[in-house]
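Shown below: start_32.pdb, with PDB, C-alpha atoms and all ligand atoms.
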MODEL        1
ATOM      1  CA  MET A   1      11.971   5.850 -12.589
ATOM      2  CA  GLU A   2       8.712   4.442 -13.908
ATOM      3  CA  LYS A   3       5.381   5.698 -12.635
ATOM      4  CA  SER A   4       4.000   2.181 -12.893
ATOM      5  CA  ILE A   5       5.201  -1.358 -12.335
ATOM      6  CA  ARG A   6       4.070  -4.566 -14.029
ATOM      7  CA  LEU A   7       2.584  -7.144 -11.656
ATOM      8  CA  ASN A   8       3.210 -10.876 -12.121
ATOM      9  CA  ASN A   9      -0.071 -11.257 -14.045
ATOM     10  CA  GLY A  10       0.812  -8.455 -16.489
ATOM     11  CA  LEU A  11      -1.348  -5.761 -14.883
ATOM     12  CA  GLU A  12       0.242  -2.294 -14.597
ATOM     13  CA  MET A  13       0.060  -0.728 -11.137
ATOM     14  CA  PRO A  14       1.025   2.866 -10.261
ATOM     15  CA  THR A  15       4.122   3.061  -8.048
ATOM     16  CA  LEU A  16       2.533   5.860  -5.966
ATOM     17  CA  GLY A  17      -0.865   5.803  -4.287
ATOM     18  CA  LEU A  18      -2.742   7.623  -1.551
ATOM     19  CA  GLY A  19      -3.221   5.654   1.683
ATOM     20  CA  VAL A  20      -6.420   6.527   3.538
ATOM     21  CA  PHE A  21      -6.031   4.752   6.898
ATOM     22  CA  ARG A  22      -7.473   6.891   9.737
ATOM     23  CA  ILE A  23      -9.099   9.390   7.371
ATOM     24  CA  GLY A  24     -12.757   9.740   8.293
ATOM     25  CA  ASP A  25     -15.499   8.686   5.891
ATOM     26  CA  GLY A  26     -17.457  11.415   4.116
ATOM     27  CA  SER A  27     -15.841  14.758   3.392
ATOM     28  CA  PRO A  28     -12.401  14.086   4.988
ATOM     29  CA  VAL A  29     -11.671  11.089   2.767
ATOM     30  CA  LYS A  30     -13.448  12.597  -0.244
ATOM     31  CA  ASN A  31     -11.309  15.745  -0.001
ATOM     32  CA  ALA A  32      -8.089  13.735   0.319
ATOM     33  CA  VAL A  33      -8.922  11.475  -2.640
ATOM     34  CA  ARG A  34     -10.022  14.445  -4.761
ATOM     35  CA  MET A  35      -6.791  16.276  -3.954
ATOM     36  CA  ALA A  36      -4.714  13.198  -4.785
ATOM     37  CA  LEU A  37      -6.436  12.644  -8.138
ATOM     38  CA  THR A  38      -5.940  16.330  -8.988
ATOM     39  CA  ASN A  39      -2.238  15.948  -8.258
ATOM     40  CA  GLY A  40      -1.817  12.983 -10.568
ATOM     41  CA  TYR A  41      -2.249  10.074  -8.155
ATOM     42  CA  ARG A  42      -3.965   7.160  -9.865
ATOM     43  CA  LYS A  43      -4.014   4.631  -7.010
ATOM     44  CA  ILE A  44      -6.046   4.688  -3.796
ATOM     45  CA  ASP A  45      -5.381   2.231  -0.948
ATOM     46  CA  THR A  46      -8.304   1.582   1.386
ATOM     47  CA  ALA A  47      -9.590  -1.400   3.410
ATOM     48  CA  ALA A  48     -12.944  -2.567   4.742
ATOM     49  CA  VAL A  49     -11.741  -1.947   8.298
ATOM     50  CA  TYR A  50     -10.872   1.703   7.572
ATOM     51  CA  GLY A  51     -14.611   2.404   7.400
ATOM     52  CA  ASN A  52     -14.223   4.881   4.538
ATOM     53  CA  GLU A  53     -14.914   2.829   1.408
ATOM     54  CA  VAL A  54     -18.141   4.788   0.845
ATOM     55  CA  GLY A  55     -16.323   8.121   0.711
ATOM     56  CA  VAL A  56     -13.573   6.669  -1.488
ATOM     57  CA  GLY A  57     -16.214   5.355  -3.919
ATOM     58  CA  GLU A  58     -18.036   8.682  -4.002
ATOM     59  CA  ALA A  59     -14.843  10.640  -4.633
ATOM     60  CA  ILE A  60     -13.953   8.349  -7.542
ATOM     61  CA  GLU A  61     -17.458   8.518  -8.966
ATOM     62  CA  GLU A  62     -17.534  12.322  -8.720
ATOM     63  CA  SER A  63     -14.087  12.762 -10.297
ATOM     64  CA  SER A  64     -13.653  13.568 -13.967
ATOM     65  CA  LEU A  65     -11.628  10.371 -14.407
ATOM     66  CA  LYS A  66     -13.006   7.132 -15.745
ATOM     67  CA  ARG A  67     -13.111   4.234 -13.277
ATOM     68  CA  GLU A  68     -10.546   2.340 -15.372
ATOM     69  CA  GLU A  69      -8.051   5.201 -15.022
ATOM     70  CA  ILE A  70      -7.887   4.596 -11.267
ATOM     71  CA  PHE A  71      -6.219   1.657  -9.533
ATOM     72  CA  LEU A  72      -8.300   0.788  -6.477
ATOM     73  CA  THR A  73      -7.049  -1.452  -3.667
ATOM     74  CA  THR A  74      -9.080  -2.767  -0.758
ATOM     75  CA  LYS A  75      -8.598  -5.564   1.778
ATOM     76  CA  VAL A  76     -10.567  -8.298   3.514
ATOM     77  CA  TRP A  77     -10.594  -7.735   7.274
ATOM     78  CA  ASN A  78      -9.589 -10.413   9.784
ATOM     79  CA  ASP A  79     -13.110 -11.110  11.138
ATOM     80  CA  ASP A  80     -14.284 -11.935   7.623
ATOM     81  CA  GLN A  81     -11.552 -14.407   6.770
ATOM     82  CA  GLY A  82     -12.488 -17.888   5.540
ATOM     83  CA  TYR A  83     -13.863 -18.892   2.128
ATOM     84  CA  ASP A  84     -17.585 -17.981   2.193
ATOM     85  CA  SER A  85     -17.187 -15.032   4.538
ATOM     86  CA  THR A  86     -14.501 -13.489   2.331
ATOM     87  CA  LEU A  87     -16.748 -13.786  -0.733
ATOM     88  CA  ARG A  88     -19.549 -12.058   1.202
ATOM     89  CA  ALA A  89     -17.213  -9.350   2.554
ATOM     90  CA  PHE A  90     -15.972  -8.638  -0.962
ATOM     91  CA  GLN A  91     -19.508  -8.016  -2.272
ATOM     92  CA  LYS A  92     -20.096  -5.566   0.586
ATOM     93  CA  SER A  93     -16.879  -3.717  -0.253
ATOM     94  CA  LEU A  94     -17.911  -3.494  -3.920
ATOM     95  CA  LYS A  95     -21.265  -2.033  -2.938
ATOM     96  CA  ARG A  96     -19.705   0.542  -0.620
ATOM     97  CA  LEU A  97     -17.117   1.468  -3.267
ATOM     98  CA  LYS A  98     -19.860   1.778  -5.919
ATOM     99  CA  THR A  99     -17.922  -0.232  -8.446
ATOM    100  CA  ASP A 100     -18.198  -3.637 -10.054
ATOM    101  CA  TYR A 101     -14.534  -4.603  -9.698
ATOM    102  CA  VAL A 102     -11.485  -3.927  -7.578
ATOM    103  CA  ASP A 103      -8.000  -3.656  -9.080
ATOM    104  CA  LEU A 104      -6.200  -5.282  -6.161
ATOM    105  CA  TYR A 105      -7.776  -7.257  -3.323
ATOM    106  CA  LEU A 106      -5.534  -8.117  -0.366
ATOM    107  CA  VAL A 107      -5.667 -10.504   2.595
ATOM    108  CA  HIS A 108      -5.179  -7.824   5.271
ATOM    109  CA  TRP A 109      -3.351  -9.995   7.870
ATOM    110  CA  PRO A 110      -2.290 -13.673   7.889
ATOM    111  CA  VAL A 111      -4.975 -14.852  10.344
ATOM    112  CA  LYS A 112      -3.875 -18.274  11.613
ATOM    113  CA  GLY A 113      -6.145 -21.138  10.588
ATOM    114  CA  HIS A 114      -8.013 -18.959   8.079
ATOM    115  CA  PHE A 115      -5.701 -17.225   5.623
ATOM    116  CA  LEU A 116      -5.338 -20.216   3.290
ATOM    117  CA  GLU A 117      -9.125 -20.412   2.846
ATOM    118  CA  THR A 118      -9.239 -16.639   2.395
ATOM    119  CA  TRP A 119      -6.648 -16.987  -0.355
ATOM    120  CA  ARG A 120      -8.811 -19.652  -2.054
ATOM    121  CA  ALA A 121     -11.702 -17.151  -2.087
ATOM    122  CA  LEU A 122      -9.476 -14.444  -3.590
ATOM    123  CA  ASN A 123      -8.483 -16.884  -6.325
ATOM    124  CA  GLU A 124     -12.157 -17.491  -7.084
ATOM    125  CA  LEU A 125     -12.829 -13.735  -7.320
ATOM    126  CA  TYR A 126      -9.848 -13.419  -9.656
ATOM    127  CA  ARG A 127     -11.051 -16.281 -11.862
ATOM    128  CA  GLU A 128     -14.480 -14.655 -12.065
ATOM    129  CA  GLY A 129     -12.915 -11.337 -13.131
ATOM    130  CA  GLN A 130     -14.210  -9.413 -10.108
ATOM    131  CA  VAL A 131     -10.661  -8.426  -9.139
ATOM    132  CA  ARG A 132      -7.832  -7.653 -11.544
ATOM    133  CA  ALA A 133      -5.079  -8.850  -9.181
ATOM    134  CA  ILE A 134      -4.842 -10.496  -5.775
ATOM    135  CA  GLY A 135      -2.247 -10.187  -3.069
ATOM    136  CA  VAL A 136      -1.501 -10.296   0.614
ATOM    137  CA  SER A 137      -0.479  -7.947   3.374
ATOM    138  CA  ASN A 138       1.682  -8.416   6.445
ATOM    139  CA  PHE A 139       2.868 -11.821   5.250
ATOM    140  CA  GLN A 140       6.262 -13.024   6.463
ATOM    141  CA  ILE A 141       8.336 -15.500   4.457
ATOM    142  CA  HIS A 142       6.858 -18.470   6.348
ATOM    143  CA  HIS A 143       3.288 -17.332   5.541
ATOM    144  CA  LEU A 144       4.201 -17.022   1.844
ATOM    145  CA  GLU A 145       5.768 -20.484   1.933
ATOM    146  CA  GLN A 146       2.582 -21.955   3.435
ATOM    147  CA  LEU A 147       0.581 -20.318   0.663
ATOM    148  CA  SER A 148       2.861 -21.762  -2.014
ATOM    149  CA  GLU A 149       2.327 -25.275  -0.616
ATOM    150  CA  VAL A 150      -1.404 -25.132  -1.373
ATOM    151  CA  SER A 151      -1.660 -22.705  -4.274
ATOM    152  CA  ASP A 152       0.106 -22.239  -7.595
ATOM    153  CA  VAL A 153      -0.981 -18.603  -7.714
ATOM    154  CA  VAL A 154       1.768 -16.313  -6.479
ATOM    155  CA  PRO A 155       0.452 -13.134  -4.788
ATOM    156  CA  ALA A 156       0.962 -10.110  -7.034
ATOM    157  CA  VAL A 157       1.732  -7.857  -4.062
ATOM    158  CA  ASN A 158       2.773  -8.117  -0.406
ATOM    159  CA  GLN A 159       1.906  -4.887   1.407
ATOM    160  CA  ILE A 160       4.134  -4.633   4.492
ATOM    161  CA  GLU A 161       5.356  -2.079   6.990
ATOM    162  CA  ARG A 162       8.565  -0.750   5.485
ATOM    163  CA  HIS A 163      10.602   2.442   5.937
ATOM    164  CA  PRO A 164      14.184   3.479   6.816
ATOM    165  CA  LEU A 165      13.851   2.213  10.410
ATOM    166  CA  LEU A 166      12.468  -1.163   9.193
ATOM    167  CA  THR A 167      14.077  -1.976   5.872
ATOM    168  CA  GLN A 168      12.863  -5.611   5.693
ATOM    169  CA  GLU A 169      15.789  -6.651   3.479
ATOM    170  CA  GLU A 170      15.256 -10.413   3.779
ATOM    171  CA  LEU A 171      11.521 -10.266   3.102
ATOM    172  CA  ARG A 172      12.000  -7.752   0.291
ATOM    173  CA  GLY A 173      14.650  -9.965  -1.331
ATOM    174  CA  TYR A 174      12.426 -13.047  -1.018
ATOM    175  CA  CYS A 175       9.413 -11.262  -2.534
ATOM    176  CA  GLN A 176      11.408  -9.773  -5.392
ATOM    177  CA  GLU A 177      12.896 -13.193  -6.196
ATOM    178  CA  LYS A 178       9.377 -14.711  -6.334
ATOM    179  CA  GLY A 179       7.952 -11.903  -8.482
ATOM    180  CA  ILE A 180       5.875 -10.378  -5.661
ATOM    181  CA  VAL A 181       5.819  -6.567  -5.678
ATOM    182  CA  VAL A 182       6.536  -5.094  -2.239
ATOM    183  CA  GLU A 183       4.254  -2.217  -1.286
ATOM    184  CA  ALA A 184       5.323  -0.186   1.745
ATOM    185  CA  TRP A 185       2.756   0.799   4.365
ATOM    186  CA  SER A 186       3.723   3.577   6.771
ATOM    187  CA  PRO A 187       6.334   4.438   4.112
ATOM    188  CA  LEU A 188       6.904   7.792   5.897
ATOM    189  CA  MET A 189       7.322   6.272   9.379
ATOM    190  CA  LYS A 190       3.930   7.763  10.259
ATOM    191  CA  GLY A 191       5.400  11.242   9.869
ATOM    192  CA  ASN A 192       8.467  10.669  12.114
ATOM    193  CA  LEU A 193      10.769  12.184   9.538
ATOM    194  CA  ASP A 194      12.958  14.341  11.751
ATOM    195  CA  LEU A 195      16.246  12.544  11.069
ATOM    196  CA  PRO A 196      19.391  14.620  10.295
ATOM    197  CA  LEU A 197      20.501  12.304   7.460
ATOM    198  CA  LEU A 198      17.204  12.754   5.602
ATOM    199  CA  LYS A 199      17.454  16.511   6.031
ATOM    200  CA  THR A 200      21.045  16.628   4.743
ATOM    201  CA  ILE A 201      20.282  14.471   1.703
ATOM    202  CA  GLY A 202      17.108  16.486   1.054
ATOM    203  CA  GLU A 203      18.965  19.797   1.082
ATOM    204  CA  ARG A 204      21.399  18.411  -1.493
ATOM    205  CA  HIS A 205      18.514  17.657  -3.883
ATOM    206  CA  HIS A 206      16.190  20.548  -2.872
ATOM    207  CA  LYS A 207      13.736  17.963  -1.590
ATOM    208  CA  THR A 208      12.012  17.364   1.745
ATOM    209  CA  PRO A 209      12.758  14.377   4.040
ATOM    210  CA  ALA A 210       9.403  12.859   2.966
ATOM    211  CA  GLN A 211      10.364  13.077  -0.716
ATOM    212  CA  VAL A 212      13.803  11.576  -0.003
ATOM    213  CA  VAL A 213      12.265   8.603   1.808
ATOM    214  CA  LEU A 214       9.649   7.975  -0.887
ATOM    215  CA  ARG A 215      12.342   8.134  -3.562
ATOM    216  CA  TRP A 216      14.491   5.664  -1.566
ATOM    217  CA  HIS A 217      11.580   3.173  -1.614
ATOM    218  CA  LEU A 218      11.066   3.571  -5.362
ATOM    219  CA  GLN A 219      14.744   3.079  -6.163
ATOM    220  CA  ASP A 220      14.631  -0.127  -4.092
ATOM    221  CA  GLY A 221      11.773  -1.364  -6.301
ATOM    222  CA  VAL A 222       9.207  -0.810  -3.548
ATOM    223  CA  VAL A 223       5.914   0.966  -4.275
ATOM    224  CA  VAL A 224       4.461   3.511  -1.840
ATOM    225  CA  ILE A 225       1.100   4.615  -0.447
ATOM    226  CA  PRO A 226       1.797   7.645   1.799
ATOM    227  CA  LYS A 227      -1.192   9.044   3.702
ATOM    228  CA  SER A 228      -1.922  12.718   4.172
ATOM    229  CA  VAL A 229      -4.991  14.880   4.575
ATOM    230  CA  HIS A 230      -3.106  18.082   3.762
ATOM    231  CA  PRO A 231      -3.196  19.318   0.149
ATOM    232  CA  HIS A 232       0.375  20.658   0.231
ATOM    233  CA  ARG A 233       1.721  17.322   1.553
ATOM    234  CA  ILE A 234      -0.324  15.251  -0.903
ATOM    235  CA  LYS A 235       1.289  17.326  -3.668
ATOM    236  CA  GLU A 236       4.762  17.183  -2.052
ATOM    237  CA  ASN A 237       4.568  13.392  -1.764
ATOM    238  CA  SER A 238       3.917  13.102  -5.499
ATOM    239  CA  GLU A 239       6.987  15.099  -6.561
ATOM    240  CA  ILE A 240       9.403  12.193  -6.398
ATOM    241  CA  TYR A 241      10.050  11.366 -10.039
ATOM    242  CA  ASP A 242      12.365  14.252 -10.937
ATOM    243  CA  PHE A 243      15.529  13.436  -8.959
ATOM    244  CA  SER A 244      17.640  10.397  -8.028
ATOM    245  CA  LEU A 245      19.584   9.293  -5.012
ATOM    246  CA  SER A 246      23.145   8.079  -5.469
ATOM    247  CA  SER A 247      24.063   4.551  -4.406
ATOM    248  CA  GLU A 248      25.902   6.042  -1.384
ATOM    249  CA  GLU A 249      22.761   7.938  -0.375
ATOM    250  CA  MET A 250      20.649   4.787  -0.829
ATOM    251  CA  LYS A 251      23.065   2.818   1.368
ATOM    252  CA  ALA A 252      23.175   5.540   4.032
ATOM    253  CA  ILE A 253      19.365   5.628   4.289
ATOM    254  CA  SER A 254      19.183   1.814   4.493
ATOM    255  CA  GLY A 255      21.807   2.059   7.248
ATOM    256  CA  LEU A 256      19.217   3.769   9.486
ATOM    257  CA  ASN A 257      17.501   0.393   9.948
ATOM    258  CA  GLN A 258      16.765  -0.574  13.552
ATOM    259  CA  ASN A 259      14.108  -3.215  12.844
ATOM    260  CA  HIS A 260      11.732  -0.779  14.520
ATOM    261  CA  ARG A 261       8.008  -1.268  13.956
ATOM    262  CA  PHE A 262       5.420   1.474  14.393
ATOM    263  CA  GLY A 263       2.674  -1.106  13.786
ATOM    264  CA  PRO A 264       1.955  -4.660  14.980
ATOM    265  CA  ASP A 265       4.265  -7.604  14.313
ATOM    266  CA  PRO A 266       2.684 -10.107  11.894
ATOM    267  CA  ASP A 267       3.985 -12.939  14.081
ATOM    268  CA  SER A 268       2.281 -11.737  17.268
ATOM    269  CA  PHE A 269      -0.751  -9.603  16.294
ATOM    270  CA  ASN A 270      -3.933 -10.665  18.053
ATOM    271  CA  PHE A 271      -6.831  -9.027  16.235
TER     272      PHE A 271
HETATM  273  N1  LIG B   1      -1.815  -3.266   5.285
HETATM  274  C1  LIG B   1      -1.747  -2.777   6.492
HETATM  275  O1  LIG B   1      -1.820  -3.508   7.499
HETATM  276  C2  LIG B   1      -1.575  -1.316   6.676
HETATM  277  C3  LIG B   1      -1.273  -0.791   7.933
HETATM  278  C4  LIG B   1      -1.112   0.582   8.056
HETATM  279  C5  LIG B   1      -1.261   1.405   6.931
HETATM  280  N2  LIG B   1      -1.582   0.866   5.721
HETATM  281  C6  LIG B   1      -1.746   1.713   4.516
HETATM  282  O2  LIG B   1      -0.576   2.492   4.338
HETATM  283  C7  LIG B   1      -0.937   3.879   4.271
HETATM  284  C8  LIG B   1       0.186   4.751   4.783
HETATM  285  O3  LIG B   1       0.588   4.387   6.087
HETATM  286  P1  LIG B   1       0.327   5.289   7.388
HETATM  287  O4  LIG B   1      -0.881   6.120   7.155
HETATM  288  O5  LIG B   1       0.342   4.387   8.553
HETATM  289  O6  LIG B   1       1.638   6.169   7.522
HETATM  290  P2  LIG B   1       2.567   7.124   6.607
HETATM  291  O7  LIG B   1       2.005   7.295   5.249
HETATM  292  O8  LIG B   1       3.951   6.629   6.771
HETATM  293  O9  LIG B   1       2.507   8.485   7.406
HETATM  294  C9  LIG B   1       1.342   9.249   7.529
HETATM  295  C10 LIG B   1       1.644  10.378   8.509
HETATM  296  O10 LIG B   1       2.669  11.213   7.982
HETATM  297  C11 LIG B   1       2.184  12.551   7.839
HETATM  298  N3  LIG B   1       2.706  13.050   6.554
HETATM  299  C12 LIG B   1       2.304  12.732   5.315
HETATM  300  N4  LIG B   1       3.031  13.363   4.377
HETATM  301  C13 LIG B   1       3.926  14.101   5.048
HETATM  302  C14 LIG B   1       4.956  14.983   4.633
HETATM  303  N5  LIG B   1       5.197  15.205   3.343
HETATM  304  N6  LIG B   1       5.707  15.585   5.589
HETATM  305  C15 LIG B   1       5.474  15.356   6.893
HETATM  306  N7  LIG B   1       4.521  14.521   7.352
HETATM  307  C16 LIG B   1       3.748  13.899   6.434
HETATM  308  C17 LIG B   1       0.671  12.453   7.862
HETATM  309  O11 LIG B   1       0.091  13.595   8.446
HETATM  310  P3  LIG B   1      -1.116  14.440   7.753
HETATM  311  O12 LIG B   1      -2.171  13.485   7.304
HETATM  312  O13 LIG B   1      -1.544  15.321   8.895
HETATM  313  O14 LIG B   1      -0.462  15.182   6.629
HETATM  314  C18 LIG B   1       0.440  11.239   8.773
HETATM  315  O15 LIG B   1       0.478  11.612  10.134
HETATM  316  C19 LIG B   1      -2.216   3.932   5.108
HETATM  317  O16 LIG B   1      -2.954   5.121   4.935
HETATM  318  C20 LIG B   1      -2.920   2.688   4.633
HETATM  319  O17 LIG B   1      -3.522   2.902   3.371
HETATM  320  C21 LIG B   1      -1.734  -0.476   5.585
ENDMDL
END
How does the structure come out when it is put into structure tokens?
Amino acid sequence: MEKSIRLNNGLEMPTLGLGVFRIGDGSPVKNAVRMALTNGYRKIDTAAVYGNEVGVGEAIEESSLKREEIFLTTKVWNDDQGYDSTLRAFQKSLKRLKTDYVDLYLVHWPVKGHFLETWRALNELYREGQVRAIGVSNFQIHHLEQLSEVSDVVPAVNQIERHPLLTQEELRGYCQEKGIVVEAWSPLMKGNLDLPLLKTIGERHHKTPAQVVLRWHLQDGVVVIPKSVHPHRIKENSEIYDFSLSSEEMKAISGLNQNHRFGPDPDSFNF
């Protein structure tokens, strides 16, 4: 299993990253990012709306790694969507992150009436070299189809809610066919890991339910951004490259699907 995946524009992206949603700015997020970088993570997933880009930027700046060794993702929030407002929002994110480029910039949600213009702005930022790749988040097939009607640029990534209770097979298949890497948010079901099957499979491999689930994503070609503020879990979530699940185990985990969302539905969100 590779630790990185090639995006459709040739850029290499780590298959594991730290998600920082709901981690406070300042020392909480700085500690989490520092811990992740120490444990070999090379990708951090933040967003303007998380309110912690400043802490993420400081942690990266204070680390012993060079900026180019870290893959940094952020996202344009819904209120800022549209062409000019996205360009302005991006400059504010750059300033908060204390960097002069972002590795991956995402349209956070497909805001009706605005996301096509937002996409046009992302294309401009890409052309100017201010972002190394552009993508989307929470896009269903019909949103991706709308995008393809007005733009030749295929998103490099679609970051979607995905885990054993919401396997998203149709959307995953569509994205993989179009060369869009699927990145799972809430890959650990927000910590709801107490399922007997995951425990049984974990015991077989001397792994925890969290490690089993993360490995299941990777073997399905899906990249992951688990969130934790606890050093031992940040480390645990990175130890997923030294075992493999059998095809029966993969099938059994996929069989847990109930189309259950912990987060909002992209077809009915109202924020
Ligand atoms: N694009 C979007 O719209 C969107 C939406 C939601 C999230 N995201 C991104 O996806 C990232 C991950 O999603 P998420 O934060 O919603 O959920 P998640 O990563 O599935 O789960 C995080 C929860 O699981 C716990 N946890 C972490 N590792 C664990 C382990 N090894 N064993 C047991 N529990 C564990 C964490 O607790 P502790 O912190 O206490 O360890 C936390 O409560 C976010 O941080 C964010 O970057 C994107």
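Near ligand LIG 1 (chain B), at a distance of at most 6 Å and with all atoms listed in the file counted, sit the residues Gly19, Val20, Phe21, Asp45, Thr46, His108, Ser137, Gln159, Trp185, Ser186, Pro187, Leu188, Met189, Lys190, Gly191, Ala210, Ile225, Pro226, Lys227, Ser228, Val229, His230, Arg233, Glu236 and Asn237 of chain A.
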Region 124-128 of chain A: axis-aligned bounding box, 5 Å on each side, centre and edge lengths in Å, one decimal, as lines of an AutoDock Vina configuration file:
center_x = -12.2
center_y = -15.5
center_z = -9.6
size_x = 14.6
size_y = 14.1
size_z = 15.0
For region 116-123 of chain A, list every protein, DNA or RNA residue within 9 Å, evaluated using all atoms listed in the file, and leave out those in the same chain fewer than 2 positions away; present the list as a PyMOL selection string. chain A and resi 76+80-87+105-107+110-114+125-128+131+134-136+146-147+150-151+153
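Put simply, CA of Ile44 (chain A) is 16.3 Å away from CA of Leu214 (chain A).
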Could you check which of A:Glu170, A:Glu61, A:Asp25, A:Asp103 is closest to Ala48 (chain A), using only C-alpha atoms?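 Smallest separation from Ala48 (chain A) among the options: A:Asp25.
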Can you measure CA of Glu177 (chain A) to CA of Ser246 (chain A) for me? One decimal in Å is fine.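 That distance, rounded to one decimal, is 23.6 Å.
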Extract, using all atoms listed in the file, all DNA, RNA and protein residues at most 8 Å from Ser4 (chain A), discarding same-chain residues fewer than 5 positions from it, and format them as a PyMOL selection string. chain A and resi 12-16
What does the structure give for the distance between CA of Lys178 (chain A) and CA of Glu145 (chain A), in Å to one decimal? 10.7 Å
Nearest residue to Phe115 (chain A) out of A:Ser93, A:Ser268, A:Asn138, A:Gln130, using all atoms listed in the file?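 Using all atoms listed in the file, Phe115 (chain A) sits closest to A:Asn138.
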Identify all residues satisfying the PyMOL selection byres (((chain A and resi 54-58) around 8) and not hetatm) in the given file; provide them as a count of residues only. 18
When the PyMOL selection byres (((chain A and resi 140) around 8) and not hetatm) is applied to the file above, which residues end up in the set, as a PyMOL selection string? chain A and resi 138-139+141-144+171+266-267
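Residue selection for this entry, given the PyMOL selection byres (((chain A and resi 41) around 8) and not hetatm), comprises Leu16, Gly17, Leu18, Ala36, Leu37, Thr38, Asn39, Gly40, Arg42, Lys43, Ile44 and Ser238 of chain A.
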Check the smallest atom-to-atom distance from each of A:Arg132, A:Arg172, A:Arg34, A:Arg22 to Gly221 (chain A) using all atoms listed in the file, then report the winner.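 Using all atoms listed in the file, Gly221 (chain A) sits closest to A:Arg172.
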Would you please work out which residue, of A:His206, A:His163, A:His217, A:Arg67, is nearest to Met1 (chain A) when using only C-alpha atoms?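 Using only C-alpha atoms, Met1 (chain A) sits closest to A:His217.
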For Pro196 (chain A), which residue out of A:Ile5, A:Ala252, A:Val49, A:Ala32 is the nearest one, using only C-alpha atoms?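 Of all the options, A:Ala252 lies closest to Pro196 (chain A).
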